[in-house]
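Visitor: Please find one structure pasted underneath; my questions will follow.
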Amino acid sequence: MASPFRDGILEGKVAFVAGGTSGINLGIATRFAELGARVAVLGRNPEKAASAAAGIGRGAIGLTADVRDYGAIRAAMEEVRSRLGPMDIVVSGAAGNFLAPVLGMSANAFRTVVDIDLNGTFNVFRGCHDLLNLPGASLIAITAGQAVNALQLQAHACAAKAGINQLVRVLALEWGPDVRVNGISPGPIAGTEGMARLAPDPQTRQKHFDRIAMKRWGEIGEVAECAVFLCSDAARYVTGTIIDCDGGSQVGDATQRSIEKGLS
């Protein structure tokens, strides 16, 4: 995929990516490194963290912590500052999800997703502030369309992602102008664990395709390019914004709901 960004655009920048050992977040971390950033990825599994860092190359480091544990996250980011320097870019992308109706979901199951997604994002962003390279740092939260579009079997994810969107906006207000805080809301992205769970069979995948304006799933690299934009000087006047990198899937979902409502 051709990139609009020149090589070295992130030269000298330090980037920390929570949840960066797999999927979309690993793609973002890899792209940052390709464009010159010094990268640290964090995940819960030490082997995956080491493997991700080795795969990224370019001096990337892999760290282990649970985003639900503020103390552990803070310690990991202090290590990043010690080894790589003040952070210019922080991405919070750790997430958990599964399909379940409210009456088939325990309170603990609901709390687990909120803890990972919403509380984890709070922990990453709250913990990094005094370790940032200021002014000019950029924070990016990975959210989802469930934040604004209610979906059956997704009460936990809808609640958590809606909270992330509002956290982004509040932090943009409180931390501007020194720190820009934005979010990316990916649509269905091929090759991710999330889509493997949410669309495990051809029939479900076709339903997704039918509702997407672009008539295809996105690529991890397309989300990564969006992240590069948000932390580049091209977005220096962008903060408090959630960018939908979804091929028009939310537009298609809204249209379909209107049709179904009209037919009911």
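Going through the structure tokens in order, the chains are called A, B, and so on, while each chain numbers its residues from 1 and the ligands are numbered from 1 in the order shown.
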Write out as a ChimeraX atom specification which residues come within 7 Å of Gly12 in chain A when counting only C-alpha atoms, dropping same-chain ones fewer than 4 positions away.

Guide: /A:36-38

Visitor: May I have the residues from that selection written out with N, CA and C atoms, as a PDB file, in the first residue's frame?

Guide:
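Contents of part31.pdb, as written:
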```pdb
ATOM      1  N   GLY A  36      10.800   5.923  11.382  1.00  0.00           N
ATOM      2  CA  GLY A  36      11.896   6.506  12.136  1.00  0.00           C
ATOM      3  C   GLY A  36      11.733   6.590  13.632  1.00  0.00           C
ATOM      4  N   ALA A  37      10.571   6.232  14.179  1.00  0.00           N
ATOM      5  CA  ALA A  37      10.370   6.349  15.614  1.00  0.00           C
ATOM      6  C   ALA A  37      11.082   5.228  16.368  1.00  0.00           C
ATOM      7  N   ARG A  38      11.470   5.532  17.596  1.00  0.00           N
ATOM      8  CA  ARG A  38      11.950   4.511  18.531  1.00  0.00           C
ATOM      9  C   ARG A  38      10.716   4.001  19.287  1.00  0.00           C
TER      10      ARG A  38
END
```

Visitor: From a DSSP pass on the backbone, collect the residues of range 6-251 of chain A flagged as strand (DSSP E or B) and hand them back as a ChimeraX atom specification.

Guide: /A:14-18,38-43,61-64,87,89-92,132,137-142,179-186,189,218,242-245

Visitor: Could you check the closest approach to Gly23 in chain A for each of A:Glu219, A:Glu193, A:Asp233, A:Asp210 and tell me which residue wins, using only C-alpha atoms?

Guide: A:Glu193

Visitor: Apply DSSP to the structure's backbone, then extract all residues of range 40-246 of chain A labelled alpha helix (DSSP H) and return them as a count of residues only.

Guide: 91

Visitor: Of the candidates A:Ala157, A:Leu99, A:Ala72, A:Ile142, which one gets nearest to Gly127 in chain A if we count only C-alpha atoms?

Guide: A:Ala72

Visitor: Within 9 Å of Thr241 in chain A, counting only C-alpha atoms, which residues qualify if same-chain residues fewer than 4 places away don't, as a list in words?

Guide: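 Result of the neighbour search: Asn165, Val168, Arg169, Ala172, Val181, Asn182, Gly183 and Ile184 of chain A.
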
Visitor: Just the selected residues (C-alpha atoms), exported as a tab-separated table (two decimals), in the first residue's frame, please.

Guide:
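Writing done, so here's result_10.tsv:
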```tsv
chain	number	residue	atom	x	y	z
A	165	ASN	CA	-14.54	8.61	23.35
A	168	VAL	CA	-10.45	11.55	24.72
A	169	ARG	CA	-12.53	14.74	24.57
A	172	ALA	CA	-8.07	17.19	24.94
A	181	VAL	CA	-5.52	13.66	22.36
A	182	ASN	CA	-7.48	11.86	19.63
A	183	GLY	CA	-9.05	8.51	18.87
A	184	ILE	CA	-9.25	6.13	15.93
```

Visitor: Fewer than 5 positions away in the same chain doesn't count, so skip those; otherwise give me all residues within 8 Å of range 131-135 of chain A, counting only C-alpha atoms, as a PDB file with N, CA and C atoms, in the first residue's frame.

Guide:
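Okay, this is what ended up in out_27.pdb:
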```pdb
ATOM      1  N   MET A  77       6.190   2.561  31.610  1.00  0.00           N
ATOM      2  CA  MET A  77       6.438   3.814  30.907  1.00  0.00           C
ATOM      3  C   MET A  77       7.652   4.547  31.463  1.00  0.00           C
ATOM      4  N   GLU A  78       7.902   4.394  32.743  1.00  0.00           N
ATOM      5  CA  GLU A  78       9.128   4.953  33.312  1.00  0.00           C
ATOM      6  C   GLU A  78      10.350   4.264  32.706  1.00  0.00           C
ATOM      7  N   ARG A  81      10.934   5.758  29.263  1.00  0.00           N
ATOM      8  CA  ARG A  81      11.606   7.060  29.348  1.00  0.00           C
ATOM      9  C   ARG A  81      13.085   6.881  29.676  1.00  0.00           C
ATOM     10  N   PRO A  86      11.943  10.805  26.694  1.00  0.00           N
ATOM     11  CA  PRO A  86      10.546  11.229  26.864  1.00  0.00           C
ATOM     12  C   PRO A  86       9.699  10.785  25.675  1.00  0.00           C
ATOM     13  N   MET A  87       8.460  10.427  25.955  1.00  0.00           N
ATOM     14  CA  MET A  87       7.585   9.900  24.906  1.00  0.00           C
ATOM     15  C   MET A  87       6.896  11.026  24.146  1.00  0.00           C
ATOM     16  N   ASP A  88       6.936  10.921  22.827  1.00  0.00           N
ATOM     17  CA  ASP A  88       6.247  11.865  21.953  1.00  0.00           C
ATOM     18  C   ASP A  88       4.872  11.357  21.543  1.00  0.00           C
ATOM     19  N   PRO A 177      -2.828  23.233  25.426  1.00  0.00           N
ATOM     20  CA  PRO A 177      -2.313  22.957  24.086  1.00  0.00           C
ATOM     21  C   PRO A 177      -1.067  22.078  24.037  1.00  0.00           C
ATOM     22  N   ASP A 178      -0.576  21.645  25.206  1.00  0.00           N
ATOM     23  CA  ASP A 178       0.690  20.898  25.212  1.00  0.00           C
ATOM     24  C   ASP A 178       0.567  19.498  24.649  1.00  0.00           C
ATOM     25  N   VAL A 179      -0.613  18.880  24.824  1.00  0.00           N
ATOM     26  CA  VAL A 179      -0.823  17.497  24.404  1.00  0.00           C
ATOM     27  C   VAL A 179      -2.073  17.430  23.534  1.00  0.00           C
TER      28      VAL A 179
END
```

Visitor: Closest to Val238 in chain A among A:Gly136, A:Gly59, A:Leu35, A:Ala15, using only C-alpha atoms?

Guide: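 Distance minimum relative to Val238 in chain A lands on A:Gly136.
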
Visitor: Find the residue from A:Gly163, A:Gly247, A:Pro101, A:Gly221 that sits nearest to Ala29 in chain A; use only C-alpha atoms when measuring.

Guide: A:Gly221

Visitor: Identify which of the residues A:Ser232, A:Ser138, A:Ser92, A:Thr64 lies closest to Asp117 in chain A, counting only C-alpha atoms when measuring atom-to-atom distances.

Guide: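 When distances to Asp117 in chain A are compared using only C-alpha atoms, the smallest one comes from A:Ser92.
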